[in-house]
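One file, my_file.cif, is given below (mmCIF, C-alpha atoms).
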data_model
loop_
_atom_site.label_atom_id
_atom_site.label_comp_id
_atom_site.auth_asym_id
_atom_site.auth_seq_id
_atom_site.Cartn_x
_atom_site.Cartn_y
_atom_site.Cartn_z
CA MET A 1 -18.69 23.04 13.39
CA ASP A 2 -15.84 20.56 13.85
CA THR A 3 -12.62 21.84 12.31
CA MET A 4 -10.75 19.47 10.05
CA LYS A 5 -7.05 18.96 10.57
CA LEU A 6 -4.53 19.99 7.94
CA SER A 7 -1.58 17.81 7.04
CA LEU A 8 1.51 18.53 4.99
CA GLY A 9 2.01 15.35 2.98
CA PRO A 10 5.45 13.86 2.37
CA LEU A 11 7.72 15.71 -0.03
CA GLN A 12 7.45 13.90 -3.35
CA TYR A 13 10.31 15.71 -5.06
CA PHE A 14 14.09 15.66 -4.59
CA TRP A 15 15.30 18.93 -3.12
CA PRO A 16 18.79 19.82 -1.86
CA ARG A 17 19.40 19.12 1.82
CA GLU A 18 19.46 22.74 2.98
CA ARG A 19 16.35 23.64 1.00
CA THR A 20 14.49 20.68 2.52
CA LEU A 21 15.53 21.51 6.08
CA ALA A 22 14.66 25.19 5.62
CA PHE A 23 11.24 24.28 4.18
CA TYR A 24 10.27 22.12 7.14
CA ARG A 25 11.60 24.52 9.74
CA GLU A 26 9.36 27.16 8.19
CA ALA A 27 6.46 24.71 7.87
CA ALA A 28 6.69 23.97 11.60
CA GLN A 29 5.34 27.50 12.14
CA TRP A 30 2.41 27.12 9.70
CA PRO A 31 -1.16 26.31 10.87
CA VAL A 32 -0.93 22.63 9.96
CA ASP A 33 -1.59 19.89 12.50
CA ILE A 34 0.35 16.99 10.97
CA ILE A 35 3.63 16.93 9.04
CA TYR A 36 4.80 13.86 7.13
CA LEU A 37 8.56 13.45 6.75
CA GLY A 38 10.56 10.97 4.72
CA GLU A 39 11.38 9.74 1.23
CA THR A 40 8.48 7.97 -0.48
CA VAL A 41 9.72 7.81 -4.08
CA CYS A 42 13.36 6.74 -4.52
CA SER A 43 15.87 5.31 -2.02
CA LYS A 44 18.75 6.77 -4.03
CA ARG A 45 17.71 10.26 -2.96
CA ARG A 46 20.13 10.51 -0.06
CA GLU A 47 20.39 14.21 0.66
CA LEU A 48 18.69 13.17 3.92
CA GLY A 49 18.99 9.64 5.26
CA SER A 50 16.70 7.90 7.73
CA ARG A 51 18.66 9.23 10.71
CA ASP A 52 18.38 12.78 9.33
CA TRP A 53 14.61 12.42 8.92
CA ILE A 54 14.29 11.12 12.48
CA ALA A 55 16.32 14.05 13.84
CA LEU A 56 14.20 16.49 11.82
CA ALA A 57 11.04 14.78 13.09
CA ARG A 58 12.05 15.44 16.68
CA GLU A 59 12.83 19.06 15.86
CA VAL A 60 9.49 19.63 14.12
CA ALA A 61 7.55 17.79 16.84
CA ALA A 62 8.91 20.26 19.38
CA SER A 63 6.70 22.89 17.69
CA GLY A 64 3.60 20.93 18.71
CA LYS A 65 2.89 19.18 15.40
CA GLN A 66 2.17 15.50 15.04
CA VAL A 67 4.99 14.09 12.92
CA VAL A 68 4.58 10.94 10.84
CA LEU A 69 7.56 9.24 9.17
CA SER A 70 6.71 8.10 5.63
CA SER A 71 8.01 4.92 3.99
CA LEU A 72 8.92 4.19 0.39
CA ALA A 73 6.09 3.23 -1.94
CA LEU A 74 8.23 0.54 -3.58
CA ILE A 75 10.70 -1.42 -1.42
CA GLU A 76 13.10 -3.58 -3.42
CA ALA A 77 16.28 -4.11 -1.35
CA GLU A 78 17.43 -5.22 2.10
CA SER A 79 19.06 -1.82 2.61
CA GLU A 80 15.67 -0.15 2.13
CA LEU A 81 14.14 -2.48 4.72
CA GLY A 82 16.96 -1.57 7.08
CA ALA A 83 16.26 2.15 6.69
CA LEU A 84 12.55 1.49 7.25
CA GLN A 85 13.32 -0.50 10.40
CA ARG A 86 15.35 2.41 11.80
CA MET A 87 12.37 4.73 11.28
CA ILE A 88 9.98 2.30 12.95
CA ASP A 89 12.40 1.88 15.87
CA ASN A 90 12.57 5.65 16.49
CA GLY A 91 10.02 5.27 19.27
CA ASP A 92 8.37 8.68 18.88
CA CYS A 93 6.42 8.83 15.61
CA TRP A 94 3.69 7.02 13.76
CA ILE A 95 4.66 5.55 10.37
CA GLU A 96 2.99 6.15 7.02
CA ALA A 97 3.03 2.66 5.49
CA ASN A 98 3.10 2.91 1.71
CA ASP A 99 4.11 -0.73 1.26
CA LEU A 100 2.86 -3.90 2.99
CA SER A 101 6.34 -4.63 4.34
CA ALA A 102 5.98 -1.44 6.39
CA VAL A 103 2.61 -2.69 7.67
CA GLN A 104 4.19 -5.97 8.76
CA LEU A 105 7.08 -4.30 10.58
CA CYS A 106 4.72 -1.88 12.33
CA ARG A 107 2.43 -4.75 13.35
CA VAL A 108 5.32 -6.72 14.86
CA ARG A 109 6.57 -3.71 16.82
CA GLY A 110 3.10 -2.46 17.78
CA VAL A 111 3.71 0.92 16.14
CA PRO A 112 0.60 2.88 15.01
CA PHE A 113 0.57 3.52 11.28
CA VAL A 114 -1.18 5.52 8.60
CA ALA A 115 -2.19 3.55 5.50
CA GLY A 116 -0.76 5.62 2.66
CA PRO A 117 -2.40 6.06 -0.76
CA THR A 118 -0.34 3.29 -2.40
CA LEU A 119 -1.65 0.44 -0.18
CA ASN A 120 -4.64 -0.13 -2.48
CA ILE A 121 -7.47 -0.58 0.03
CA TYR A 122 -10.72 -1.05 -1.88
CA ASN A 123 -13.13 -2.78 0.53
CA GLN A 124 -14.20 -2.86 4.14
CA ARG A 125 -12.63 -6.26 4.86
CA ALA A 126 -9.14 -5.11 3.88
CA LEU A 127 -9.59 -1.94 5.93
CA ALA A 128 -10.85 -3.87 8.97
CA LEU A 129 -7.88 -6.28 8.80
CA LEU A 130 -5.42 -3.41 8.71
CA ILE A 131 -7.14 -1.79 11.68
CA GLU A 132 -6.45 -5.01 13.59
CA ASP A 133 -2.78 -4.64 12.59
CA GLY A 134 -2.57 -1.12 14.01
CA LEU A 135 -3.95 1.21 11.33
CA HIS A 136 -5.11 4.50 12.86
CA ARG A 137 -5.57 6.67 9.76
CA TRP A 138 -6.25 5.95 6.09
CA VAL A 139 -5.31 8.00 3.02
CA PRO A 140 -7.32 6.62 0.06
CA GLY A 141 -5.69 6.32 -3.35
CA VAL A 142 -6.06 9.17 -5.79
CA GLU A 143 -8.66 7.33 -7.90
CA GLN A 144 -10.92 6.60 -4.92
CA GLY A 145 -13.53 9.30 -5.07
CA GLU A 146 -16.66 10.30 -3.22
CA THR A 147 -18.84 7.35 -4.30
CA LEU A 148 -16.37 4.65 -3.27
CA LEU A 149 -15.66 6.28 0.08
CA ARG A 150 -19.35 6.67 0.79
CA GLU A 151 -20.00 3.00 -0.02
CA LEU A 152 -17.00 1.75 1.98
CA ARG A 153 -17.94 3.84 4.99
CA ALA A 154 -21.50 2.48 4.92
CA ALA A 155 -20.18 -1.09 4.62
CA MET A 156 -17.82 -0.61 7.58
CA LEU A 157 -20.64 0.70 9.77
CA ALA A 158 -23.03 -2.07 8.61
CA GLU A 159 -20.50 -4.70 9.73
CA GLY A 160 -19.98 -3.02 13.09
CA HIS A 161 -16.54 -1.56 12.39
CA ALA A 162 -15.54 1.94 13.39
CA MET A 163 -13.89 3.98 10.64
CA PRO A 164 -10.29 5.06 11.23
CA GLU A 165 -9.33 8.68 10.76
CA LEU A 166 -9.87 9.55 7.11
CA GLU A 167 -7.33 11.75 5.32
CA VAL A 168 -8.01 12.92 1.77
CA ILE A 169 -5.56 14.45 -0.70
CA ALA A 170 -6.97 17.97 -0.99
CA PHE A 171 -4.18 19.80 -2.81
CA GLY A 172 -1.23 18.90 -5.01
CA ARG A 173 -0.17 16.91 -8.04
CA LEU A 174 -1.63 13.44 -7.80
CA PRO A 175 0.80 10.48 -7.69
CA LEU A 176 -0.55 8.22 -10.43
CA ALA A 177 1.96 5.37 -10.86
CA TYR A 178 5.27 3.91 -9.72
CA SER A 179 7.72 1.68 -11.57
CA ALA A 180 10.99 -0.14 -10.88
CA ARG A 181 12.34 1.88 -13.82
CA CYS A 182 13.27 5.54 -13.47
CA PHE A 183 11.29 7.73 -15.85
CA THR A 184 13.52 10.75 -15.28
CA ALA A 185 16.67 8.79 -16.14
CA ARG A 186 14.99 7.43 -19.26
CA ALA A 187 13.84 10.89 -20.34
CA LEU A 188 17.37 12.24 -19.92
CA ASP A 189 18.93 9.18 -21.62
CA VAL A 190 21.03 8.08 -18.65
CA ALA A 191 21.16 4.74 -16.84
CA LYS A 192 19.11 4.40 -13.63
CA ASP A 193 22.15 3.13 -11.72
CA ASP A 194 24.22 6.06 -12.96
CA CYS A 195 21.55 8.77 -12.99
CA GLY A 196 23.62 11.49 -11.33
CA PHE A 197 20.54 12.29 -9.21
CA ARG A 198 19.31 14.47 -12.06
CA CYS A 199 15.79 14.79 -10.62
CA ILE A 200 17.22 17.29 -8.13
CA GLU A 201 17.22 19.70 -11.10
CA TYR A 202 13.40 19.56 -11.24
CA PRO A 203 11.97 20.74 -7.88
CA ASP A 204 8.39 20.27 -9.13
CA GLY A 205 9.06 17.31 -11.41
CA LEU A 206 9.93 17.12 -15.11
CA PRO A 207 7.04 18.28 -17.36
CA LEU A 208 5.92 15.86 -20.06
CA ALA A 209 3.84 17.12 -22.96
CA THR A 210 1.81 15.32 -25.63
CA ARG A 211 3.00 15.25 -29.24
CA GLU A 212 0.79 18.30 -29.79
CA GLY A 213 2.61 20.17 -27.04
CA ARG A 214 -0.19 20.01 -24.48
CA PRO A 215 0.95 19.66 -20.83
CA PHE A 216 0.19 16.08 -19.79
CA LEU A 217 2.16 14.55 -16.89
CA ARG A 218 5.02 15.19 -14.48
CA ILE A 219 7.91 12.74 -14.36
CA ASN A 220 9.40 12.39 -10.90
CA GLY A 221 11.99 9.63 -10.74
CA ILE A 222 10.14 6.29 -10.62
CA GLN A 223 6.87 8.13 -10.07
CA VAL A 224 4.46 9.61 -12.61
CA GLN A 225 2.20 12.44 -11.47
CA GLY A 226 -0.67 14.30 -13.04
CA GLU A 227 0.32 17.65 -14.50
CA GLU A 228 -2.38 19.65 -12.77
CA ILE A 229 -2.23 20.73 -9.16
CA THR A 230 -5.65 19.56 -8.02
CA ASP A 231 -7.73 21.28 -5.36
CA LEU A 232 -10.67 19.88 -3.39
CA GLY A 233 -11.29 23.12 -1.50
CA PRO A 234 -14.71 23.78 -3.07
CA GLU A 235 -15.74 20.22 -2.13
CA LEU A 236 -15.21 20.89 1.60
CA PRO A 237 -18.95 20.67 2.46
CA THR A 238 -19.09 17.16 0.96
CA LEU A 239 -15.84 16.18 2.68
CA ARG A 240 -17.28 17.25 6.03
CA GLU A 241 -20.48 15.31 5.40
CA LEU A 242 -18.41 12.20 4.59
CA GLY A 243 -16.60 12.49 7.90
CA VAL A 244 -13.18 13.38 6.48
CA ASP A 245 -10.86 14.22 9.38
CA VAL A 246 -7.69 15.45 7.64
CA LEU A 247 -7.00 17.43 4.46
CA ARG A 248 -3.63 16.52 2.92
CA LEU A 249 -1.68 19.25 1.14
CA TYR A 250 1.31 18.05 -0.91
CA PRO A 251 4.38 20.34 -0.80
CA GLN A 252 5.15 22.34 -3.92
CA ALA A 253 8.30 24.31 -4.62
CA ASP A 254 6.66 27.73 -4.38
CA GLY A 255 3.76 29.32 -2.56
CA MET A 256 3.01 26.66 0.05
CA ALA A 257 2.66 29.13 2.92
CA GLY A 258 -0.16 30.80 0.99
CA VAL A 259 -1.80 27.44 0.19
CA VAL A 260 -1.78 26.47 3.86
CA ALA A 261 -3.23 29.84 4.86
CA HIS A 262 -5.99 29.41 2.24
CA PHE A 263 -7.01 25.99 3.58
CA ASP A 264 -6.67 27.08 7.18
CA LEU A 265 -9.22 29.84 6.54
CA ALA A 266 -11.43 27.50 4.50
CA ARG A 267 -11.65 24.80 7.18
CA ARG A 268 -12.89 27.36 9.70
CA SER A 269 -15.61 28.70 7.43
CA PRO A 270 -19.04 27.21 6.64
CA ILE A 271 -18.70 28.56 3.09
CA ALA A 272 -16.77 26.61 0.44
CA PRO A 273 -13.65 28.49 -0.71
CA PRO A 274 -12.86 29.41 -4.32
CA ARG A 275 -10.79 26.89 -6.23
CA ILE A 276 -7.09 27.78 -6.39
CA GLY A 277 -6.03 24.69 -8.34
CA ALA A 278 -7.56 22.33 -10.89
CA ARG A 279 -10.72 20.31 -10.42
CA ASN A 280 -10.04 16.70 -9.37
CA GLY A 281 -12.06 14.58 -11.79
CA TYR A 282 -11.34 11.35 -9.91
CA TRP A 283 -13.24 12.64 -6.89
CA HIS A 284 -16.36 13.02 -9.02
CA GLY A 285 -16.01 9.67 -10.83
CA GLU A 286 -14.83 11.39 -14.00
CA PRO A 287 -11.53 11.43 -15.92
CA GLY A 288 -8.74 12.68 -13.71
CA MET A 289 -7.62 15.38 -16.15
CA GLN A 290 -10.30 17.95 -16.81
CA PRO A 291 -10.59 20.17 -19.91
CA SER A 292 -9.18 23.64 -19.50
CA GLY A 293 -11.71 25.99 -17.89
CA THR A 294 -13.71 23.27 -16.11
CA PRO A 295 -15.08 24.75 -12.83
#
Final structure tokens representation of the file:
Amino acid sequence: MDTMKLSLGPLQYFWPRERTLAFYREAAQWPVDIIYLGETVCSKRRELGSRDWIALAREVAASGKQVVLSSLALIEAESELGALQRMIDNGDCWIEANDLSAVQLCRVRGVPFVAGPTLNIYNQRALALLIEDGLHRWVPGVEQGETLLRELRAAMLAEGHAMPELEVIAFGRLPLAYSARCFTARALDVAKDDCGFRCIEYPDGLPLATREGRPFLRINGIQVQGEEITDLGPELPTLRELGVDVLRLYPQADGMAGVVAHFDLARRSPIAPPRIGARNGYWHGEPGMQPSGTP
């Protein structure tokens, strides 16, 4: 049985500098194969700048992990392009391109890249074009479930294209939407340009409930996430059959060492593991949020 790789996806939240560095230095000793580093949500989160991420990448890579530097999902300013260019010029790491400007810069420099979940790839022609540009691995969007991946894979093979490495979000809160506005600033009634970096106070995002008090979403700067921490562990047999190469685990504030250990054991076993998070409805072509108690 081929063993899937495990990846630690980019940190979606804003943590203090020392907490972030300590987390990744510990993660370098975990049984993951790939570690994504970098800010994907908000360029104002400057506890670590691009040079800090590059230095940390070299430190983590010394432990034998593949390190990928992740780009912003929404690039709006020349300064953000400059920071992206510095990451691409590092010379050691692949890039996770979450914006087409990152694809273009990687293509020009001949740097291998991972197509992140915000690139919106929905058909075989788009995927084949990006492979020509240097795509080596693809992370489908959160709403792209089993049926779409099965159809796209069949279409790629029918047209004579080899699939790139396929990485699926297996654990974590799903990133649902991005906006030029800052949801956290709006919730706290402060201006985006004078936010005081308040999202650092919410290491797992700011909970948002319905009017009836039911947990609904997580606000994370300009990003909106689902409330539930989803888990595709029990779907591992299907993921193997689909040819998934990498299981992505998104960092959470607590308990990640145990999550990694759980998936490390699961990927080595022919038996599907018990579910330790919520069921991902999107994967099954159903509503993303499932009723409480759904298996």
Worksheet item: Mind listing as JSON, numbers by chain all residues within 8 Å of (7.4, 2.9, -1.3), counting only C-alpha atoms?
Response: {"A": [40, 41, 42, 71, 72, 73, 74, 75, 98, 99, 118]}
Practice prompt. Could you expand the PyMOL selection byres ((chain A and resi 123) around 12) into the explicit residues it covers here, written as an NGL selection string?
Written response: :A and (119-122 or 124-130 or 140 or 144 or 148-156 or 159)
Practice prompt. Name the residues that the PyMOL selection byres ((chain A and resi 87) around 10) pulls out of this structure, and write them as a VMD selection string.
Written response: chain A and resid 38 50 to 51 53 to 54 68 to 71 81 to 86 88 to 95
Worksheet, complete the sentence: For Phe113 in chain A, the closest of A:Asp133, A:Ala209, A:Arg218, A:Glu80 counting only C-alpha atoms is A:Asp133
Worksheet item: Pick the closest to Asp193 in chain A from A:Gly134, A:Ser43, A:Asp231, A:His284: which is it, counting only C-alpha atoms?
Response: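 Checking each candidate against Asp193 in chain A, we get A:Ser43 as the closest.
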Within 9 Å of (1.5, 22.7, -5.7) (file coordinates; all atoms listed in the file), which protein or nucleic acid residues are there? I'd like them as a tab-separated table (two decimals) with C-alpha atoms, keeping the file's coordinate frame.
chain	number	residue	atom	x	y	z
A	171	PHE	CA	-4.18	19.80	-2.81
A	172	GLY	CA	-1.23	18.90	-5.01
A	173	ARG	CA	-0.17	16.91	-8.04
A	204	ASP	CA	8.39	20.27	-9.13
A	228	GLU	CA	-2.38	19.65	-12.77
A	229	ILE	CA	-2.23	20.73	-9.16
A	230	THR	CA	-5.65	19.56	-8.02
A	249	LEU	CA	-1.68	19.25	1.14
A	250	TYR	CA	1.31	18.05	-0.91
A	251	PRO	CA	4.38	20.34	-0.80
A	252	GLN	CA	5.15	22.34	-3.92
A	253	ALA	CA	8.30	24.31	-4.62
A	254	ASP	CA	6.66	27.73	-4.38
A	255	GLY	CA	3.76	29.32	-2.56
A	256	MET	CA	3.01	26.66	0.05
A	259	VAL	CA	-1.80	27.44	0.19
A	277	GLY	CA	-6.03	24.69	-8.34
Discussion item. Given the PyMOL selection byres ((chain A and resi 27-35) around 8) and the file above, list the residues it selects as a ChimeraX atom specification.
Written reply: /A:5-10,23-26,36-37,60,63,65-68,257,260-261,264
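Among the candidates A:Val142, A:Ala177, A:Ile222, A:Val246, the residue lying nearest to Val114 in chain A is A:Val246 (atoms considered: all atoms listed in the file).
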Practice prompt. Would you mind reading off the distance between CA of Cys182 in chain A and CA of Glu201 in chain A, one decimal, in Å?
Written response: 14.9 Å
Worksheet item: Expressed in Å to a single decimal, how great is the separation between CA of Phe263 in chain A and CA of Tyr282 in chain A?
Response: 20.4 Å
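Going from CA of Glu132 in chain A to CA of Leu166 in chain A covers 16.3 Å.
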Item to complete: Compare A:Tyr178, A:Phe183, A:Trp138, A:Tyr13 by their minimum atom-to-atom distance to Gly205 in chain A, counting all atoms listed in the file, and give me the closest one.
Response: A:Tyr13
